[in-house]
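Data block for query09.txt (compact mmCIF, C-alpha atoms and all ligand atoms):
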# COMPACT_ATOMS: atom_id res chain seq x y z
CA MET S 1 0.00 0.00 0.00
CA THR S 2 1.14 3.53 -0.75
CA ARG S 3 0.74 6.66 1.32
CA PRO S 4 -3.01 6.68 1.92
CA ILE S 5 -4.02 10.17 0.83
CA GLU S 6 -6.23 10.52 -2.24
CA ALA S 7 -8.63 12.96 -3.82
CA LEU S 8 -11.84 11.37 -5.04
CA ILE S 9 -13.62 13.24 -7.81
CA HIS S 10 -17.36 12.66 -8.16
CA PRO S 11 -18.42 13.26 -11.80
CA HIS S 12 -22.08 12.54 -11.03
CA ALA S 13 -21.99 15.38 -8.49
CA ILE S 14 -20.51 17.80 -11.04
CA ARG S 15 -23.23 16.83 -13.47
CA HIS S 16 -25.94 17.16 -10.82
CA ASN S 17 -24.66 20.63 -9.91
CA TYR S 18 -24.60 21.80 -13.53
CA LEU S 19 -28.14 20.58 -14.11
CA ASN S 20 -29.19 22.21 -10.83
CA ILE S 21 -28.03 25.60 -12.15
CA LYS S 22 -29.57 24.98 -15.56
CA ALA S 23 -32.90 24.24 -13.89
CA LEU S 24 -32.82 27.69 -12.26
CA ALA S 25 -32.44 29.38 -15.63
CA PRO S 26 -33.98 27.19 -18.32
CA ASP S 27 -33.95 30.01 -20.86
CA SER S 28 -30.22 30.70 -20.54
CA ARG S 29 -27.26 28.81 -21.81
CA ALA S 30 -24.48 28.12 -19.31
CA PHE S 31 -20.75 27.89 -19.78
CA ALA S 32 -19.25 25.44 -17.32
CA VAL S 33 -16.29 27.42 -15.96
CA VAL S 34 -13.35 25.02 -16.02
CA LYS S 35 -10.37 27.34 -15.52
CA ALA S 36 -7.56 26.32 -13.16
CA ASN S 37 -7.84 22.65 -14.11
CA ALA S 38 -11.56 22.78 -13.40
CA TYR S 39 -10.95 24.30 -9.95
CA GLY S 40 -8.59 21.40 -9.19
CA HIS S 41 -10.96 18.64 -10.33
CA GLY S 42 -9.20 17.81 -13.61
CA LEU S 43 -10.11 19.57 -16.85
CA LEU S 44 -10.90 16.60 -19.09
CA ARG S 45 -12.50 14.59 -16.30
CA THR S 46 -14.82 17.50 -15.56
CA ALA S 47 -15.57 18.20 -19.20
CA GLN S 48 -16.44 14.53 -19.72
CA ALA S 49 -18.87 14.70 -16.79
CA LEU S 50 -20.40 17.72 -18.57
CA HIS S 51 -20.04 16.40 -22.10
CA ASP S 52 -23.33 17.97 -23.15
CA ALA S 53 -22.77 21.33 -21.44
CA ASP S 54 -23.77 24.36 -23.51
CA GLY S 55 -20.17 25.55 -23.48
CA PHE S 56 -16.96 25.76 -21.47
CA ALA S 57 -15.21 28.86 -20.14
CA ILE S 58 -11.52 28.71 -19.41
CA LEU S 59 -8.54 31.01 -19.61
CA GLU S 60 -5.57 28.75 -20.29
CA MET S 61 -4.99 28.37 -24.04
CA ALA S 62 -3.45 24.90 -23.63
CA GLY S 63 -6.55 23.71 -21.79
CA ALA S 64 -8.86 25.16 -24.42
CA ILE S 65 -6.96 23.36 -27.18
CA ALA S 66 -6.92 20.16 -25.13
CA LEU S 67 -10.72 20.32 -24.97
CA ARG S 68 -10.93 20.71 -28.74
CA GLU S 69 -8.45 17.87 -29.28
CA ALA S 70 -10.51 15.66 -26.95
CA GLY S 71 -13.43 16.18 -29.30
CA PHE S 72 -15.54 18.78 -27.48
CA THR S 73 -17.33 20.79 -30.15
CA GLN S 74 -19.36 23.25 -28.09
CA PRO S 75 -18.40 26.91 -27.62
CA ILE S 76 -15.24 27.47 -25.57
CA LEU S 77 -14.81 30.99 -24.21
CA LEU S 78 -11.37 32.36 -23.27
CA LEU S 79 -12.22 34.47 -20.21
CA GLU S 80 -9.05 36.59 -20.33
CA GLY S 81 -9.02 36.73 -24.12
CA VAL S 82 -5.75 36.31 -26.02
CA PHE S 83 -2.35 37.59 -25.02
CA SER S 84 -0.72 38.08 -28.44
CA PRO S 85 -1.54 38.19 -32.17
CA GLU S 86 -0.22 34.62 -32.40
CA GLU S 87 -2.76 33.48 -29.81
CA LEU S 88 -5.49 35.21 -31.76
CA GLN S 89 -4.53 33.04 -34.74
CA LEU S 90 -4.63 29.95 -32.49
CA ALA S 91 -8.03 30.94 -31.15
CA ALA S 92 -9.41 31.26 -34.67
CA ARG S 93 -7.87 27.97 -35.79
CA HIS S 94 -9.43 26.10 -32.86
CA ASP S 95 -12.71 27.99 -33.07
CA LEU S 96 -12.38 29.50 -29.60
CA TRP S 97 -14.45 32.45 -28.46
CA LEU S 98 -12.62 35.25 -26.72
CA ALA S 99 -13.20 38.04 -24.26
CA VAL S 100 -12.06 41.38 -25.66
CA HIS S 101 -11.35 43.62 -22.71
CA GLU S 102 -8.66 46.07 -23.77
CA PRO S 103 -7.71 48.07 -26.89
CA ARG S 104 -4.77 45.91 -28.01
CA THR S 105 -6.93 42.91 -28.84
CA LEU S 106 -9.31 45.16 -30.73
CA GLU S 107 -6.41 46.41 -32.88
CA TRP S 108 -5.17 42.87 -33.53
CA LEU S 109 -8.67 41.90 -34.63
CA GLU S 110 -8.85 44.90 -36.96
CA ASN S 111 -5.44 44.38 -38.49
CA CYS S 112 -4.96 40.68 -39.09
CA ALA S 113 -6.14 37.96 -41.42
CA LEU S 114 -7.76 35.03 -39.59
CA ALA S 115 -8.58 31.52 -40.79
CA ARG S 116 -12.19 32.19 -39.81
CA PRO S 117 -14.01 34.97 -37.97
CA VAL S 118 -14.16 34.62 -34.17
CA THR S 119 -17.01 35.17 -31.73
CA VAL S 120 -16.11 37.77 -29.14
CA PHE S 121 -17.40 38.75 -25.71
CA LEU S 122 -16.95 42.49 -25.22
CA LYS S 123 -16.07 42.83 -21.57
CA LEU S 124 -17.20 45.99 -19.82
CA ASN S 125 -15.93 47.27 -16.50
CA THR S 126 -18.96 48.22 -14.42
CA GLY S 127 -17.21 48.60 -11.06
CA MET S 128 -15.13 45.50 -10.42
CA ASN S 129 -12.16 47.45 -11.82
CA ARG S 130 -10.35 44.36 -12.96
CA LEU S 131 -10.69 43.66 -16.70
CA GLY S 132 -12.88 45.50 -19.18
CA PHE S 133 -13.41 48.66 -21.20
CA PRO S 134 -15.12 51.51 -19.39
CA ALA S 135 -18.84 50.75 -19.68
CA ALA S 136 -19.48 54.14 -21.28
CA GLN S 137 -17.48 52.99 -24.33
CA ALA S 138 -19.78 49.99 -24.92
CA ALA S 139 -21.54 51.33 -28.01
CA ALA S 140 -18.38 52.65 -29.65
CA ILE S 141 -16.37 49.44 -29.12
CA ALA S 142 -19.29 47.22 -30.09
CA ALA S 143 -19.61 49.18 -33.34
CA ARG S 144 -15.93 48.71 -34.10
CA LEU S 145 -16.18 44.98 -33.39
CA GLN S 146 -19.29 44.60 -35.51
CA ALA S 147 -17.57 46.39 -38.38
CA CYS S 148 -14.62 44.03 -38.18
CA ALA S 149 -14.51 41.25 -40.79
CA ASN S 150 -12.73 38.95 -38.32
CA VAL S 151 -15.61 39.11 -35.83
CA ALA S 152 -18.44 36.62 -36.21
CA GLY S 153 -20.59 37.86 -33.34
CA VAL S 154 -20.51 40.05 -30.24
CA THR S 155 -21.89 39.31 -26.76
CA LEU S 156 -21.78 41.94 -24.03
CA MET S 157 -20.20 40.84 -20.79
CA THR S 158 -19.45 42.09 -17.30
CA HIS S 159 -18.44 40.58 -13.96
CA PHE S 160 -19.78 41.37 -10.47
CA ALA S 161 -17.64 42.10 -7.42
CA THR S 162 -20.18 41.43 -4.66
CA ALA S 163 -22.80 39.01 -5.99
CA ASP S 164 -21.96 36.72 -3.07
CA ASP S 165 -22.75 39.40 -0.46
CA PRO S 166 -26.49 40.02 0.03
CA ALA S 167 -25.73 43.26 1.90
CA ARG S 168 -24.10 44.75 -1.19
CA GLY S 169 -25.56 42.87 -4.15
CA ILE S 170 -25.23 43.71 -7.82
CA ALA S 171 -27.74 46.52 -8.37
CA ALA S 172 -25.28 49.34 -9.06
CA GLN S 173 -23.13 47.28 -11.42
CA LEU S 174 -26.12 45.86 -13.26
CA ALA S 175 -27.64 49.34 -13.67
CA CYS S 176 -24.32 50.59 -15.02
CA PHE S 177 -24.22 47.69 -17.49
CA ASP S 178 -27.84 48.04 -18.59
CA THR S 179 -27.48 51.78 -19.10
CA ALA S 180 -24.30 51.36 -21.10
CA VAL S 181 -25.71 48.69 -23.42
CA ALA S 182 -29.25 50.05 -23.83
CA GLY S 183 -30.02 50.17 -27.53
CA LEU S 184 -27.48 47.51 -28.48
CA ALA S 185 -29.36 44.44 -29.69
CA LEU S 186 -26.69 41.99 -28.58
CA PRO S 187 -26.70 39.01 -26.20
CA HIS S 188 -25.55 39.42 -22.59
CA SER S 189 -23.40 37.40 -20.19
CA VAL S 190 -23.18 38.81 -16.68
CA ALA S 191 -23.75 36.11 -14.06
CA ASN S 192 -21.23 34.00 -12.17
CA SER S 193 -22.48 31.35 -9.72
CA ALA S 194 -23.55 33.75 -6.98
CA ALA S 195 -25.42 36.09 -9.31
CA THR S 196 -27.16 33.21 -11.08
CA VAL S 197 -28.45 31.86 -7.78
CA ALA S 198 -29.29 35.10 -6.01
CA TYR S 199 -30.37 37.50 -8.77
CA PRO S 200 -32.81 36.18 -11.41
CA GLU S 201 -32.44 39.45 -13.35
CA THR S 202 -28.86 38.42 -14.17
CA ARG S 203 -29.91 35.16 -15.85
CA ARG S 204 -29.37 36.40 -19.39
CA ASP S 205 -28.21 34.68 -22.58
CA TRP S 206 -25.04 33.05 -21.23
CA LEU S 207 -24.38 32.20 -17.56
CA ARG S 208 -20.87 31.58 -16.25
CA PRO S 209 -21.16 29.31 -13.21
CA GLY S 210 -17.93 27.98 -11.73
CA ILE S 211 -17.84 27.27 -8.01
CA VAL S 212 -21.32 25.78 -7.74
CA LEU S 213 -20.40 23.08 -10.27
CA TYR S 214 -17.92 21.79 -7.74
CA GLY S 215 -20.40 21.70 -4.88
CA SER S 216 -19.20 24.71 -2.94
CA SER S 217 -21.38 27.66 -1.99
CA PRO S 218 -20.35 31.16 -3.03
CA PHE S 219 -22.29 32.57 -0.06
CA GLU S 220 -21.17 32.76 3.57
CA THR S 221 -24.75 32.59 4.72
CA ARG S 222 -26.13 29.74 2.58
CA SER S 223 -24.56 26.31 2.61
CA ALA S 224 -23.96 24.13 -0.43
CA THR S 225 -26.54 21.68 0.91
CA GLN S 226 -29.10 24.47 1.21
CA LEU S 227 -28.41 25.28 -2.44
CA GLY S 228 -28.98 21.64 -3.43
CA LEU S 229 -25.34 21.11 -4.39
CA GLN S 230 -23.26 17.97 -3.99
CA ALA S 231 -19.54 17.89 -3.17
CA ALA S 232 -17.46 17.11 -6.26
CA MET S 233 -14.24 16.33 -4.39
CA THR S 234 -13.50 14.27 -1.30
CA LEU S 235 -10.02 14.56 0.15
CA ARG S 236 -9.34 11.55 2.32
CA SER S 237 -6.45 9.84 4.04
CA ARG S 238 -5.82 7.63 7.03
CA VAL S 239 -4.42 7.72 10.54
CA ILE S 240 -0.81 6.50 10.33
CA GLY S 241 0.20 6.93 13.98
CA THR S 242 -1.23 7.61 17.43
CA GLN S 243 0.08 9.23 20.60
CA GLN S 244 -1.13 9.25 24.21
CA LEU S 245 -0.87 12.70 25.74
CA ARG S 246 -0.71 13.61 29.43
CA THR S 247 -1.90 16.93 30.76
CA GLY S 248 0.48 19.63 29.54
CA ASP S 249 1.90 17.65 26.61
CA THR S 250 1.98 19.63 23.38
CA VAL S 251 1.40 18.72 19.74
CA GLY S 252 3.47 19.51 16.66
CA TYR S 253 5.61 22.43 15.52
CA GLY S 254 5.54 25.45 17.75
CA ALA S 255 3.86 23.36 20.47
CA THR S 256 0.78 25.49 19.90
CA PHE S 257 -1.67 22.98 21.35
CA ALA S 258 -1.30 21.79 24.95
CA ALA S 259 -3.44 18.99 26.38
CA GLU S 260 -5.60 20.04 29.32
CA GLN S 261 -6.25 16.41 30.19
CA ALA S 262 -5.11 12.96 29.09
CA MET S 263 -5.86 12.56 25.39
CA THR S 264 -5.42 10.22 22.46
CA ILE S 265 -4.42 11.80 19.17
CA GLY S 266 -4.10 10.43 15.69
CA ILE S 267 -1.52 11.50 13.10
CA VAL S 268 -2.99 11.79 9.61
CA ALA S 269 -1.04 11.49 6.35
CA CYS S 270 -2.07 14.90 5.02
CA GLY S 271 -0.26 18.21 5.26
CA TYR S 272 0.11 21.52 3.53
CA ALA S 273 2.23 19.94 0.80
CA ASP S 274 -0.90 18.00 -0.12
CA GLY S 275 -2.96 21.17 -0.29
CA TYR S 276 -4.46 21.18 3.19
CA PRO S 277 -4.44 24.79 4.46
CA ARG S 278 -1.58 25.43 6.86
CA HIS S 279 -3.57 28.17 8.55
CA ALA S 280 -6.33 25.80 9.68
CA PRO S 281 -6.33 26.21 13.48
CA THR S 282 -6.99 23.81 16.33
CA GLY S 283 -10.70 23.01 16.19
CA THR S 284 -11.01 22.80 12.39
CA PRO S 285 -13.49 19.96 11.73
CA ILE S 286 -12.26 16.59 10.43
CA LEU S 287 -14.05 13.25 10.12
CA VAL S 288 -12.42 10.08 11.45
CA ASP S 289 -14.30 6.87 10.67
CA GLY S 290 -17.21 9.11 9.76
CA VAL S 291 -17.25 10.83 13.16
CA ARG S 292 -16.64 14.53 13.45
CA THR S 293 -13.61 15.53 15.48
CA ARG S 294 -11.06 18.33 15.39
CA LEU S 295 -7.63 19.26 14.16
CA LEU S 296 -5.02 19.83 16.88
CA GLY S 297 -1.97 22.08 16.66
CA ARG S 298 -0.18 23.24 13.54
CA VAL S 299 -0.53 21.55 10.19
CA SER S 300 2.89 20.20 9.09
CA MET S 301 4.09 19.73 5.52
CA ASP S 302 3.06 16.07 5.40
CA MET S 303 0.96 15.42 8.50
CA LEU S 304 -1.61 16.81 10.84
CA ALA S 305 -2.98 15.72 14.22
CA VAL S 306 -6.58 14.94 15.18
CA ASP S 307 -8.28 14.42 18.49
CA LEU S 308 -9.22 10.76 18.98
CA THR S 309 -10.04 11.04 22.69
CA ALA S 310 -13.76 10.47 22.07
CA LEU S 311 -13.16 7.83 19.38
CA PRO S 312 -11.82 4.78 21.24
CA GLN S 313 -12.50 2.49 18.26
CA SER S 314 -10.33 4.60 15.96
CA GLY S 315 -6.58 4.30 15.55
CA ILE S 316 -3.93 3.46 13.00
CA GLY S 317 -5.60 2.74 9.66
CA SER S 318 -8.77 4.66 10.45
CA GLU S 319 -10.21 6.52 7.48
CA VAL S 320 -10.08 10.31 7.61
CA GLU S 321 -12.12 12.73 5.52
CA LEU S 322 -10.50 16.16 5.33
CA TRP S 323 -13.42 17.52 3.25
CA GLY S 324 -15.92 16.18 0.79
CA ALA S 325 -19.16 14.27 0.60
CA ASN S 326 -19.63 14.25 4.39
CA LEU S 327 -17.81 17.39 5.50
CA SER S 328 -18.30 20.60 3.55
CA ILE S 329 -15.16 22.09 2.04
CA ASP S 330 -16.73 25.46 2.86
CA GLU S 331 -16.72 24.68 6.57
CA VAL S 332 -13.05 23.72 6.50
CA ALA S 333 -12.25 26.79 4.41
CA ALA S 334 -14.09 29.09 6.81
CA ALA S 335 -12.18 27.65 9.75
CA ALA S 336 -8.92 28.33 7.89
CA GLY S 337 -9.94 31.89 6.98
CA THR S 338 -10.31 31.22 3.28
CA ILE S 339 -12.86 30.02 0.72
CA GLY S 340 -13.63 26.67 -0.85
CA TYR S 341 -12.24 27.92 -4.18
CA GLU S 342 -8.74 28.21 -2.78
CA LEU S 343 -8.74 24.77 -1.15
CA MET S 344 -9.95 22.90 -4.22
CA CYS S 345 -7.53 24.71 -6.54
CA ALA S 346 -4.61 23.94 -4.21
CA ILE S 347 -4.78 20.13 -4.23
CA ALA S 348 -1.13 19.24 -4.80
CA PRO S 349 0.16 17.22 -7.74
CA ARG S 350 1.44 14.51 -5.39
CA VAL S 351 -2.11 13.62 -4.31
CA PRO S 352 -3.42 10.73 -6.43
CA VAL S 353 -6.77 11.54 -8.01
CA ILE S 354 -9.41 8.88 -8.43
CA THR S 355 -12.72 9.25 -10.24
CA VAL S 356 -15.59 7.54 -8.44
C1 LIG V 1 -14.05 32.49 -12.60
C2 LIG V 1 -15.04 33.29 -13.33
C3 LIG V 1 -16.40 32.96 -13.26
C4 LIG V 1 -16.93 31.88 -12.35
O1 LIG V 1 -17.06 32.41 -11.06
P1 LIG V 1 -17.71 31.53 -9.87
O2 LIG V 1 -17.73 32.46 -8.72
O3 LIG V 1 -16.75 30.39 -9.65
O4 LIG V 1 -19.03 31.09 -10.34
C5 LIG V 1 -17.28 33.69 -14.04
N1 LIG V 1 -16.84 34.71 -14.83
C6 LIG V 1 -15.55 35.07 -14.89
C7 LIG V 1 -15.15 36.19 -15.75
C8 LIG V 1 -14.61 34.38 -14.14
O5 LIG V 1 -13.33 34.75 -14.20

Represent the structure from my file as structure tokens, please.
Amino acid sequence: MTRPIEALIHPHAIRHNYLNIKALAPDSRAFAVVKANAYGHGLLRTAQALHDADGFAILEMAGAIALREAGFTQPILLLEGVFSPEELQLAARHDLWLAVHEPRTLEWLENCALARPVTVFLKLNTGMNRLGFPAAQAAAIAARLQACANVAGVTLMTHFATADDPARGIAAQLACFDTAVAGLALPHSVANSAATVAYPETRRDWLRPGIVLYGSSPFETRSATQLGLQAAMTLRSRVIGTQQLRTGDTVGYGATFAAEQAMTIGIVACGYADGYPRHAPTGTPILVDGVRTRLLGRVSMDMLAVDLTALPQSGIGSEVELWGANLSIDEVAAAAGTIGYELMCAIAPRVPVITV
């Protein structure tokens, strides 16, 4: 037997989650957002689970081409567009759609010869202040794109900064977008996962759900279960050692946890070099043999400690779930001061991945 850690990927859950979002917005089409190796779940594995998705959205050119080479024929949108005239040629050759968010790409489109015209998403900045043309330029840029022989079609796009926060919402950004594009008879794409779920008015022609596909909630106040989502990844390992502590004994680097009574602890083959968050503190939930217990002390590179005091049947060989089907990744993320997105994207290459 090898080191017992593994990441289980659940394709049926990914599929369930995609259909769940589609059911909310039956009149929209939805890109499955599969950037960052499908948020750590494996690009091709995820795309296969969603083989009949309306489209895929990604930002790595190599991944987009890999999808085409694997036989996926639906629209593939490059969320950050292209980074050079050469990439524009590649995008056209592989029939990739691209975000156009800055003037350089516009000039490349106007001044090159492409194998075939490309479909573009004109990205407007409505307050996120990340990528996009100022919203007020929407009509002028759209006109230039529509006049361009290399452009097959234009969709208007923006991205929300606070769709996940009910206290702040999307109203100001959406009003900015709608004002800027009024009078342009072009399709829209504005909603990420949070907006799709929380704001029906954002369910326009093309949705862009990412995190919900993987069974994590974008909201602090609504759990994945409440949203009807299923976990797409289970990170599990086993107890590989135990220790008996006396009062005052400490655990791990920095001796940050001290026993206040006699305790049994288990040492789990999982550390930050596997992708478990090093900042998870004592008390972070962990399942051992299906029973909820807690992390103790600092997470090491390759190991962490769990409290087995109340689990007399558990010991070396016991199965440990770090997050997944029975313990929400969002709960672990919250304990570690981060979000599910970061944990799933950080699964390390040394962790074997199994599709179940
Ligand atoms: C990543 C991304 C999404 C998906 O966001 P989620 O919060 O994961 O749903 C949508 N649109 C753009 C432009 C993105 O970069």

Got a sec: who's within 6 Å of stretch 177-190 of chain S, counting all atoms listed in the file, leaving out chain neighbours fewer than 4 positions off, as a VMD selection string? chain S and resid 135 to 136 155 to 159 204 to 207

Got a sec to check which residues lie within 9 Å of ligand LIG 1 (chain V), using all atoms listed in the file, and send them as a ChimeraX atom specification? /S:31-36,39,57-59,79-80,99,123,131,157-160,163-164,189-196,207-214,218,341

Selection: 12 Å around stretch 148-151 of chain S, all atoms listed in the file, excl. self and same-chain fewer than 4 positions, as a PyMOL selection string: chain S and resi 88-89+91-92+95-100+105-122+141-144+155

Using only C-alpha atoms, collect all residues at a distance of at most 8 Å from (-18.1, 22.9, -26.4) as written in the file, then present them as a PDB file with C-alpha atoms, keeping the file's coordinate frame.
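Now in part.pdb:
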ATOM      1  CA  ASP S  52     -23.330  17.970 -23.150  1.00  0.00           C
ATOM      2  CA  ALA S  53     -22.770  21.330 -21.440  1.00  0.00           C
ATOM      3  CA  ASP S  54     -23.770  24.360 -23.510  1.00  0.00           C
ATOM      4  CA  GLY S  55     -20.170  25.550 -23.480  1.00  0.00           C
ATOM      5  CA  PHE S  56     -16.960  25.760 -21.470  1.00  0.00           C
ATOM      6  CA  LEU S  67     -10.720  20.320 -24.970  1.00  0.00           C
ATOM      7  CA  ARG S  68     -10.930  20.710 -28.740  1.00  0.00           C
ATOM      8  CA  PHE S  72     -15.540  18.780 -27.480  1.00  0.00           C
ATOM      9  CA  THR S  73     -17.330  20.790 -30.150  1.00  0.00           C
ATOM     10  CA  GLN S  74     -19.360  23.250 -28.090  1.00  0.00           C
ATOM     11  CA  PRO S  75     -18.400  26.910 -27.620  1.00  0.00           C
ATOM     12  CA  ILE S  76     -15.240  27.470 -25.570  1.00  0.00           C
TER      13      ILE S  76
END

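The shortest atom-to-atom distance to S:Arg294, with all atoms listed in the file taken into account, belongs to S:Ala335 out of S:Met233, S:Ala335, S:Ala175, S:Ile329.
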
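Nearest to S:Tyr276 of all the residues S:Ala7, S:Ala64, S:Ile354, S:Val239 is S:Ala7, based on only C-alpha atoms.
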
Atom CA of S:Asn129 and atom CA of S:Ala161 are how many Å apart? 8.8 Å
